[in-house]
file model_13.pdb (PDB, C-alpha atoms)
MODEL        1
ATOM      1  CA  MET U  30       0.000   0.000   0.000
ATOM      2  CA  ASN U  31       1.242   3.466  -0.890
ATOM      3  CA  PRO U  32       2.520   4.826   2.444
ATOM      4  CA  SER U  33       1.515   8.375   1.468
ATOM      5  CA  ILE U  34      -2.178   7.435   1.709
ATOM      6  CA  PHE U  35      -2.308   6.027   5.242
ATOM      7  CA  ARG U  36       0.194   6.298   8.094
ATOM      8  CA  ASP U  37      -1.649   4.819  11.090
ATOM      9  CA  PRO U  38       0.264   1.589  11.932
ATOM     10  CA  ALA U  39      -2.889  -0.121  13.197
ATOM     11  CA  LEU U  40      -4.809   0.696  10.004
ATOM     12  CA  LEU U  41      -1.891  -0.369   7.807
ATOM     13  CA  ALA U  42      -1.720  -3.665   9.677
ATOM     14  CA  GLU U  43      -5.431  -4.256   9.028
ATOM     15  CA  ILE U  44      -4.977  -3.438   5.336
ATOM     16  CA  GLU U  45      -2.007  -5.785   5.090
ATOM     17  CA  LYS U  46      -4.004  -8.554   6.761
ATOM     18  CA  TYR U  47      -7.348  -8.309   4.966
ATOM     19  CA  ALA U  48      -6.933  -6.432   1.674
ATOM     20  CA  ARG U  49      -5.736  -8.093  -1.528
ATOM     21  CA  HIS U  50      -3.607  -6.720  -4.349
ATOM     22  CA  LYS U  51      -4.798  -7.291  -7.903
ATOM     23  CA  HIS U  52      -3.227  -6.547 -11.281
ATOM     24  CA  VAL U  53      -5.733  -5.409 -13.902
ATOM     25  CA  GLU U  54      -4.723  -5.242 -17.549
ATOM     26  CA  LYS U  55      -5.595  -2.314 -19.809
ATOM     27  CA  ASP U  56      -9.282  -2.323 -20.916
ATOM     28  CA  ALA U  57     -10.180  -5.124 -18.481
ATOM     29  CA  VAL U  58     -13.420  -4.712 -16.508
ATOM     30  CA  LEU U  59     -12.845  -4.824 -12.748
ATOM     31  CA  ILE U  60     -16.468  -4.262 -11.649
ATOM     32  CA  LYS U  61     -19.530  -5.048 -13.762
ATOM     33  CA  PRO U  62     -22.994  -3.447 -13.478
ATOM     34  CA  GLY U  63     -25.424  -5.683 -11.610
ATOM     35  CA  SER U  64     -22.675  -7.655  -9.882
ATOM     36  CA  ASP U  65     -22.390  -8.055  -6.126
ATOM     37  CA  ILE U  66     -19.944  -5.633  -4.524
ATOM     38  CA  VAL U  67     -17.566  -7.845  -2.545
ATOM     39  CA  PHE U  68     -14.702  -5.365  -2.371
ATOM     40  CA  VAL U  69     -13.999  -1.651  -2.668
ATOM     41  CA  PRO U  70     -11.113  -0.835  -5.047
ATOM     42  CA  ILE U  71      -8.347   1.602  -4.158
ATOM     43  CA  VAL U  72      -6.047   2.456  -7.051
ATOM     44  CA  GLU U  73      -2.369   1.974  -6.237
ATOM     45  CA  GLN U  74      -1.012   2.412  -9.764
ATOM     46  CA  GLY U  75      -2.723   3.158 -13.060
ATOM     47  CA  VAL U  76      -6.190   4.594 -13.653
ATOM     48  CA  LEU U  77      -9.757   3.253 -13.581
ATOM     49  CA  ARG U  78     -12.561   4.692 -15.697
ATOM     50  CA  ILE U  79     -15.991   4.651 -14.036
ATOM     51  CA  VAL U  80     -18.983   4.347 -16.339
ATOM     52  CA  ARG U  81     -22.692   4.242 -15.480
ATOM     53  CA  GLU U  82     -24.626   1.590 -17.394
ATOM     54  CA  ASP U  83     -28.409   1.187 -17.421
ATOM     55  CA  GLU U  84     -30.434  -2.009 -17.783
ATOM     56  CA  GLU U  85     -30.386  -1.700 -21.575
ATOM     57  CA  GLY U  86     -26.604  -1.468 -21.707
ATOM     58  CA  ARG U  87     -26.470   2.270 -22.462
ATOM     59  CA  GLU U  88     -23.438   3.914 -20.905
ATOM     60  CA  LEU U  89     -22.407   7.288 -19.525
ATOM     61  CA  PHE U  90     -18.850   8.237 -18.552
ATOM     62  CA  LEU U  91     -18.666   9.564 -14.980
ATOM     63  CA  TYR U  92     -15.085  10.036 -13.785
ATOM     64  CA  HIS U  93     -11.604   8.535 -13.398
ATOM     65  CA  LEU U  94      -9.938   7.091 -10.322
ATOM     66  CA  TYR U  95      -6.248   7.879  -9.906
ATOM     67  CA  PRO U  96      -3.670   6.442  -7.449
ATOM     68  CA  GLY U  97      -4.834   6.917  -3.884
ATOM     69  CA  GLN U  98      -8.496   7.185  -4.879
ATOM     70  CA  THR U  99     -11.507   4.905  -4.544
ATOM     71  CA  CYS U 100     -15.036   4.744  -5.934
ATOM     72  CA  ALA U 101     -17.830   6.393  -3.935
ATOM     73  CA  MET U 102     -20.437   4.493  -5.964
ATOM     74  CA  ALA U 103     -18.897   1.165  -4.904
ATOM     75  CA  ILE U 104     -18.766   2.286  -1.268
ATOM     76  CA  ASN U 105     -22.394   3.402  -1.365
ATOM     77  CA  CYS U 106     -23.563   0.132  -2.943
ATOM     78  CA  CYS U 107     -21.684  -2.040  -0.475
ATOM     79  CA  GLN U 108     -22.977  -0.072   2.527
ATOM     80  CA  ALA U 109     -26.549  -0.286   1.201
ATOM     81  CA  GLY U 110     -26.194  -3.957   0.285
ATOM     82  CA  GLU U 111     -27.015  -3.196  -3.353
ATOM     83  CA  LYS U 112     -25.513  -4.507  -6.562
ATOM     84  CA  SER U 113     -23.090  -2.416  -8.567
ATOM     85  CA  MET U 114     -24.575   0.447 -10.582
ATOM     86  CA  VAL U 115     -21.324   1.199 -12.410
ATOM     87  CA  LYS U 116     -18.641  -0.396 -14.550
ATOM     88  CA  ALA U 117     -14.974   0.036 -13.581
ATOM     89  CA  ILE U 118     -12.561  -0.315 -16.512
ATOM     90  CA  ALA U 119      -8.760  -0.185 -16.418
ATOM     91  CA  GLU U 120      -7.657   2.787 -18.512
ATOM     92  CA  ASP U 121      -4.140   1.322 -18.459
ATOM     93  CA  ASP U 122      -2.405  -1.600 -16.749
ATOM     94  CA  SER U 123      -3.259  -0.955 -13.105
ATOM     95  CA  GLU U 124      -2.575  -2.205  -9.587
ATOM     96  CA  ILE U 125      -5.621  -2.277  -7.339
ATOM     97  CA  LEU U 126      -6.020  -2.821  -3.614
ATOM     98  CA  GLN U 127      -9.254  -4.695  -2.930
ATOM     99  CA  VAL U 128     -10.775  -3.907   0.479
ATOM    100  CA  PRO U 129     -13.445  -6.399   1.646
ATOM    101  CA  VAL U 130     -16.829  -4.699   1.984
ATOM    102  CA  LYS U 131     -17.251  -5.747   5.622
ATOM    103  CA  LYS U 132     -14.119  -3.774   6.498
ATOM    104  CA  VAL U 133     -15.332  -0.468   4.993
ATOM    105  CA  ASP U 134     -17.556   0.369   7.968
ATOM    106  CA  GLU U 135     -15.448  -1.507  10.502
ATOM    107  CA  TRP U 136     -12.387   0.624   9.729
ATOM    108  CA  LEU U 137     -14.275   3.866  10.331
ATOM    109  CA  LYS U 138     -12.911   3.631  13.875
ATOM    110  CA  TYR U 139      -9.605   4.761  12.361
ATOM    111  CA  GLY U 140      -9.509   8.512  11.839
ATOM    112  CA  GLU U 141      -7.476   8.293   8.624
ATOM    113  CA  TRP U 142      -9.910   5.832   7.066
ATOM    114  CA  LYS U 143     -12.940   7.892   8.088
ATOM    115  CA  THR U 144     -11.370  11.013   6.563
ATOM    116  CA  PHE U 145     -10.513   9.046   3.409
ATOM    117  CA  ILE U 146     -14.095   7.815   2.976
ATOM    118  CA  ASN U 147     -15.650  11.226   3.697
ATOM    119  CA  SER U 148     -13.306  13.026   1.304
ATOM    120  CA  THR U 149     -14.061  10.421  -1.352
ATOM    121  CA  TYR U 150     -17.773  11.237  -1.144
ATOM    122  CA  GLY U 151     -17.010  14.955  -1.349
ATOM    123  CA  VAL U 152     -14.744  14.695  -4.395
ATOM    124  CA  ARG U 153     -17.002  12.290  -6.300
ATOM    125  CA  PHE U 154     -20.100  14.338  -5.519
ATOM    126  CA  ALA U 155     -18.426  17.387  -7.068
ATOM    127  CA  GLU U 156     -17.460  15.349 -10.143
ATOM    128  CA  LEU U 157     -20.994  14.020 -10.538
ATOM    129  CA  ILE U 158     -22.368  17.572 -10.328
ATOM    130  CA  ASN U 159     -19.929  18.474 -13.094
ATOM    131  CA  VAL U 160     -21.254  15.602 -15.222
ATOM    132  CA  ILE U 161     -24.835  16.732 -14.608
ATOM    133  CA  ASP U 162     -23.917  20.311 -15.533
ATOM    134  CA  LEU U 163     -22.289  19.120 -18.751
ATOM    135  CA  ILE U 164     -25.352  17.130 -19.730
ATOM    136  CA  ALA U 165     -27.884  19.772 -18.713
ATOM    137  CA  PHE U 166     -26.185  23.010 -19.704
ATOM    138  CA  SER U 167     -23.457  22.234 -22.265
ATOM    139  CA  LYS U 168     -23.581  21.617 -25.984
ATOM    140  CA  MET U 169     -22.608  18.151 -27.140
ATOM    141  CA  ASP U 170     -19.308  19.399 -28.582
ATOM    142  CA  GLU U 171     -18.337  20.627 -25.114
ATOM    143  CA  GLN U 172     -19.201  17.224 -23.678
ATOM    144  CA  VAL U 173     -17.044  15.511 -26.312
ATOM    145  CA  LEU U 174     -14.121  17.853 -25.657
ATOM    146  CA  HIS U 175     -14.412  17.285 -21.889
ATOM    147  CA  TYR U 176     -14.483  13.522 -22.473
ATOM    148  CA  LEU U 177     -11.383  13.614 -24.686
ATOM    149  CA  ARG U 178      -9.504  15.795 -22.203
ATOM    150  CA  GLU U 179     -10.332  13.473 -19.314
ATOM    151  CA  ARG U 180      -9.318  10.378 -21.273
ATOM    152  CA  THR U 181      -6.003  11.868 -22.452
ATOM    153  CA  LYS U 182      -5.277  13.095 -18.924
ATOM    154  CA  ALA U 183      -5.850   9.575 -17.621
ATOM    155  CA  THR U 184      -3.667   7.868 -20.228
ATOM    156  CA  GLY U 185      -0.967  10.550 -20.287
ATOM    157  CA  ASN U 186      -1.101  10.446 -24.086
ATOM    158  CA  LYS U 187      -2.609  13.111 -26.358
ATOM    159  CA  THR U 188      -3.583  10.408 -28.845
ATOM    160  CA  LEU U 189      -6.490   8.110 -28.015
ATOM    161  CA  PHE U 190      -6.865   4.867 -29.908
ATOM    162  CA  ILE U 191     -10.614   4.834 -29.821
ATOM    163  CA  THR U 192     -13.473   4.598 -32.302
ATOM    164  CA  HIS U 193     -16.273   7.095 -32.801
ATOM    165  CA  GLN U 194     -18.703   4.371 -31.712
ATOM    166  CA  GLN U 195     -16.903   3.888 -28.400
ATOM    167  CA  ILE U 196     -17.158   7.607 -27.666
ATOM    168  CA  ALA U 197     -20.825   7.592 -28.644
ATOM    169  CA  ASP U 198     -21.497   4.652 -26.324
ATOM    170  CA  GLU U 199     -19.972   6.394 -23.300
ATOM    171  CA  LEU U 200     -21.628   9.741 -24.060
ATOM    172  CA  HIS U 201     -25.016   8.163 -24.690
ATOM    173  CA  THR U 202     -25.446   9.449 -28.247
ATOM    174  CA  SER U 203     -25.075   8.176 -31.822
ATOM    175  CA  ARG U 204     -21.906   7.520 -33.816
ATOM    176  CA  GLU U 205     -23.122   9.876 -36.544
ATOM    177  CA  VAL U 206     -23.374  12.763 -34.082
ATOM    178  CA  ILE U 207     -19.884  12.078 -32.697
ATOM    179  CA  SER U 208     -18.373  11.830 -36.189
ATOM    180  CA  ARG U 209     -19.954  15.135 -37.233
ATOM    181  CA  LEU U 210     -18.768  16.909 -34.092
ATOM    182  CA  LEU U 211     -15.238  15.514 -34.393
ATOM    183  CA  ARG U 212     -14.990  16.706 -37.997
ATOM    184  CA  SER U 213     -16.067  20.180 -36.911
ATOM    185  CA  MET U 214     -13.581  20.095 -34.024
ATOM    186  CA  GLU U 215     -10.842  19.047 -36.450
ATOM    187  CA  ASN U 216     -11.662  22.029 -38.664
ATOM    188  CA  LYS U 217     -11.221  24.261 -35.597
ATOM    189  CA  GLY U 218      -7.816  22.764 -34.827
ATOM    190  CA  LEU U 219      -8.949  21.065 -31.625
ATOM    191  CA  VAL U 220      -8.324  17.466 -32.722
ATOM    192  CA  ARG U 221      -6.664  15.441 -35.449
ATOM    193  CA  ILE U 222      -8.617  12.401 -36.601
ATOM    194  CA  GLY U 223      -6.800   9.248 -37.737
ATOM    195  CA  ARG U 224      -7.773   5.656 -38.370
ATOM    196  CA  SER U 225      -9.296   4.540 -35.050
ATOM    197  CA  SER U 226      -7.401   7.343 -33.303
ATOM    198  CA  ILE U 227      -8.022  10.905 -32.162
ATOM    199  CA  GLU U 228      -5.242  13.300 -31.223
ATOM    200  CA  LEU U 229      -6.141  16.154 -28.893
ATOM    201  CA  LEU U 230      -4.446  19.359 -30.050
ATOM    202  CA  ASN U 231      -3.736  22.606 -28.228
ATOM    203  CA  GLY U 232      -5.973  24.738 -30.428
ATOM    204  CA  LYS U 233      -7.721  27.662 -28.756
ATOM    205  CA  ARG U 234     -11.417  27.340 -28.496
ATOM    206  CA  ASN U 235     -13.899  30.090 -29.300
ATOM    207  CA  HIS U 236     -16.263  29.826 -26.346
ATOM    208  CA  ASN U 237     -18.847  31.978 -28.118
ATOM    209  CA  HIS U 238     -19.224  29.502 -30.945
ATOM    210  CA  THR U 239     -20.601  25.992 -30.758
ATOM    211  CA  VAL U 240     -20.898  23.311 -33.387
ATOM    212  CA  ALA U 241     -24.012  23.699 -35.485
TER     213      ALA U 241
ENDMDL
END

call {"tool": "encode", "arguments": {"input": "model_13.pdb", "output": "structure tokens"}}
result
Amino acid sequence: MNPSIFRDPALLAEIEKYARHKHVEKDAVLIKPGSDIVFVPIVEQGVLRIVREDEEGRELFLYHLYPGQTCAMAINCCQAGEKSMVKAIAEDDSEILQVPVKKVDEWLKYGEWKTFINSTYGVRFAELINVIDLIAFSKMDEQVLHYLRERTKATGNKTLFITHQQIADELHTSREVISRLLRSMENKGLVRIGRSSIELLNGKRNHNHTVA
């Protein structure tokens, strides 16, 4: 466990005793929608992408988990005894610490763990509000640009090897809409489109103009 996250010897001893380390390969699904939550993941290395999926398989990108972070949705589901409402996907090869669900509440007696859980809810709540704002108040091109920026930030690479259909799936729209918006964004110097790849450029955006 990354020593910069927790320092309490008693808590670290509990983590060493009960938690399990897991290697997750790039693009592998760690948590599936509708599955029982038997552990809460804490990212040690790499990045996880959290996606909401409904009963019909339609998806919506929510946020990323970076080293030292965990998923508030997983915590909430395990505490409520509910099945997973999200999908957790490895953005890159990742190392995950799996904390058994029964320990999430039990470890609240440790101040560091309680602070960690409370701050997780605060950070994720703010990110979910941002997602809601994007959906409710932003044009679709702004949502696409936000999505591309978040994905490139997570991978550390300005080029994403991703199809238009994959973007459409995670933004809950059609491939035709995504393709049209990406072409317009390319004309503005925001992206460069290749075969199954999209490069995010440093073009300046005109905030007073949206894609028609």

call {"tool": "resolve_selection", "arguments": {"input": "model_13.pdb", "expression": "the PyMOL selection byres ((chain U and resi 81) around 8)", "output": "MDAnalysis selection string"}}
result
chainID U and resid 62 79:80 82:83 88:91 114:116

call {"tool": "residues_around", "arguments": {"input": "model_13.pdb", "residues": "Pro129 in chain U", "least_positions_apart": "5", "cutoff": "10 Å", "atoms": "only C-alpha atoms", "output": "PyMOL selection string"}}
result
chain U and resi 44+47-49+66-70+107

call {"tool": "residues_near_point", "arguments": {"input": "model_13.pdb", "point": "(-15.6, 8.7, 6.5)", "cutoff": "12 Å", "atoms": "all atoms listed in the file", "output": "MDAnalysis selection string"}}
result
chainID U and resid 101 104:105 133:151

call {"tool": "write_last_selection", "arguments": {"input": "model_13.pdb", "atoms": "C-alpha atoms", "output": "PDB file, keeping the file's coordinate frame"}}
result
ATOM      1  CA  ALA U 101     -17.830   6.393  -3.935  1.00  0.00           C
ATOM      2  CA  ILE U 104     -18.766   2.286  -1.268  1.00  0.00           C
ATOM      3  CA  ASN U 105     -22.394   3.402  -1.365  1.00  0.00           C
ATOM      4  CA  VAL U 133     -15.332  -0.468   4.993  1.00  0.00           C
ATOM      5  CA  ASP U 134     -17.556   0.369   7.968  1.00  0.00           C
ATOM      6  CA  GLU U 135     -15.448  -1.507  10.502  1.00  0.00           C
ATOM      7  CA  TRP U 136     -12.387   0.624   9.729  1.00  0.00           C
ATOM      8  CA  LEU U 137     -14.275   3.866  10.331  1.00  0.00           C
ATOM      9  CA  LYS U 138     -12.911   3.631  13.875  1.00  0.00           C
ATOM     10  CA  TYR U 139      -9.605   4.761  12.361  1.00  0.00           C
ATOM     11  CA  GLY U 140      -9.509   8.512  11.839  1.00  0.00           C
ATOM     12  CA  GLU U 141      -7.476   8.293   8.624  1.00  0.00           C
ATOM     13  CA  TRP U 142      -9.910   5.832   7.066  1.00  0.00           C
ATOM     14  CA  LYS U 143     -12.940   7.892   8.088  1.00  0.00           C
ATOM     15  CA  THR U 144     -11.370  11.013   6.563  1.00  0.00           C
ATOM     16  CA  PHE U 145     -10.513   9.046   3.409  1.00  0.00           C
ATOM     17  CA  ILE U 146     -14.095   7.815   2.976  1.00  0.00           C
ATOM     18  CA  ASN U 147     -15.650  11.226   3.697  1.00  0.00           C
ATOM     19  CA  SER U 148     -13.306  13.026   1.304  1.00  0.00           C
ATOM     20  CA  THR U 149     -14.061  10.421  -1.352  1.00  0.00           C
ATOM     21  CA  TYR U 150     -17.773  11.237  -1.144  1.00  0.00           C
ATOM     22  CA  GLY U 151     -17.010  14.955  -1.349  1.00  0.00           C
TER      23      GLY U 151
END

call {"tool": "residues_around", "arguments": {"input": "model_13.pdb", "residues": "Leu200 in chain U", "least_positions_apart": "3", "cutoff": "12 Å", "atoms": "only C-alpha atoms", "output": "VMD selection string"}}
result
chain U and resid 80 to 82 87 to 91 160 163 to 164 169 to 177 193 to 197 203 to 204 206 to 207

call {"tool": "closest_residue", "arguments": {"input": "model_13.pdb", "among": "U:Tyr92, U:Phe166, U:Phe190, U:Phe154", "to": "Arg78 in chain U", "atoms": "only C-alpha atoms"}}
result
U:Tyr92

call {"tool": "resolve_selection", "arguments": {"input": "model_13.pdb", "expression": "the PyMOL selection byres ((chain U and resi 222-226) around 12)", "output": "ChimeraX atom specification"}}
result
/U:177,181,186-196,207-216,218-221,227-230

call {"tool": "atom_distance", "arguments": {"input": "model_13.pdb", "atom1": "CA of Lys112 in chain U", "atom2": "CA of Lys61 in chain U"}}
result
9.4 Å

call {"tool": "closest_residue", "arguments": {"input": "model_13.pdb", "among": "U:Glu205, U:Asp162, U:Glu124, U:Glu73", "to": "Gln98 in chain U", "atoms": "only C-alpha atoms"}}
result
U:Glu73

call {"tool": "closest_residue", "arguments": {"input": "model_13.pdb", "among": "U:Asn159, U:Ser123, U:Thr202, U:Thr184", "to": "Ala57 in chain U", "atoms": "all atoms listed in the file"}}
result
U:Ser123

call {"tool": "residues_around", "arguments": {"input": "model_13.pdb", "residues": "Glu120 in chain U", "least_positions_apart": "6", "cutoff": "8 Å", "atoms": "all atoms listed in the file", "output": "list in words"}}
result
Lys55, Asp56, Gly75, Val76, Leu77, Arg78, Ala183 and Thr184 of chain U

call {"tool": "atom_distance", "arguments": {"input": "model_13.pdb", "atom1": "CA of Glu54 in chain U", "atom2": "CA of Ile125 in chain U"}}
result
10.7 Å

call {"tool": "atom_distance", "arguments": {"input": "model_13.pdb", "atom1": "CA of Ala165 in chain U", "atom2": "CA of Met102 in chain U"}}
result
21.2 Å

call {"tool": "residues_near_point", "arguments": {"input": "model_13.pdb", "point": "(-9.2, 7.7, -7.3)", "cutoff": "8 Å", "atoms": "all atoms listed in the file", "output": "VMD selection string"}}
result
chain U and resid 71 to 72 76 to 77 93 to 100

call {"tool": "write_last_selection", "arguments": {"input": "model_13.pdb", "atoms": "C-alpha atoms", "output": "short mmCIF file (atom, residue, chain, number, x, y, z; two decimals), in the coordinates of the input"}}
result
data_model
loop_
_atom_site.label_atom_id
_atom_site.label_comp_id
_atom_site.auth_asym_id
_atom_site.auth_seq_id
_atom_site.Cartn_x
_atom_site.Cartn_y
_atom_site.Cartn_z
CA ILE U 71 -8.35 1.60 -4.16
CA VAL U 72 -6.05 2.46 -7.05
CA VAL U 76 -6.19 4.59 -13.65
CA LEU U 77 -9.76 3.25 -13.58
CA HIS U 93 -11.60 8.54 -13.40
CA LEU U 94 -9.94 7.09 -10.32
CA TYR U 95 -6.25 7.88 -9.91
CA PRO U 96 -3.67 6.44 -7.45
CA GLY U 97 -4.83 6.92 -3.88
CA GLN U 98 -8.50 7.18 -4.88
CA THR U 99 -11.51 4.90 -4.54
CA CYS U 100 -15.04 4.74 -5.93
#

call {"tool": "residues_around", "arguments": {"input": "model_13.pdb", "residues": "Lys46 in chain U", "least_positions_apart": "5", "cutoff": "12 Å", "atoms": "only C-alpha atoms", "output": "PyMOL selection string"}}
result
chain U and resi 30+39-41+127-129+132

call {"tool": "axis_aligned_box", "arguments": {"input": "model_13.pdb", "around": "range 93-111 of chain U", "padding_each_side": "3 Å", "output": "JSON"}}
result
{"center_x": -15.3, "center_y": 2.3, "center_z": -5.4, "size_x": 29.3, "size_y": 18.5, "size_z": 21.9}
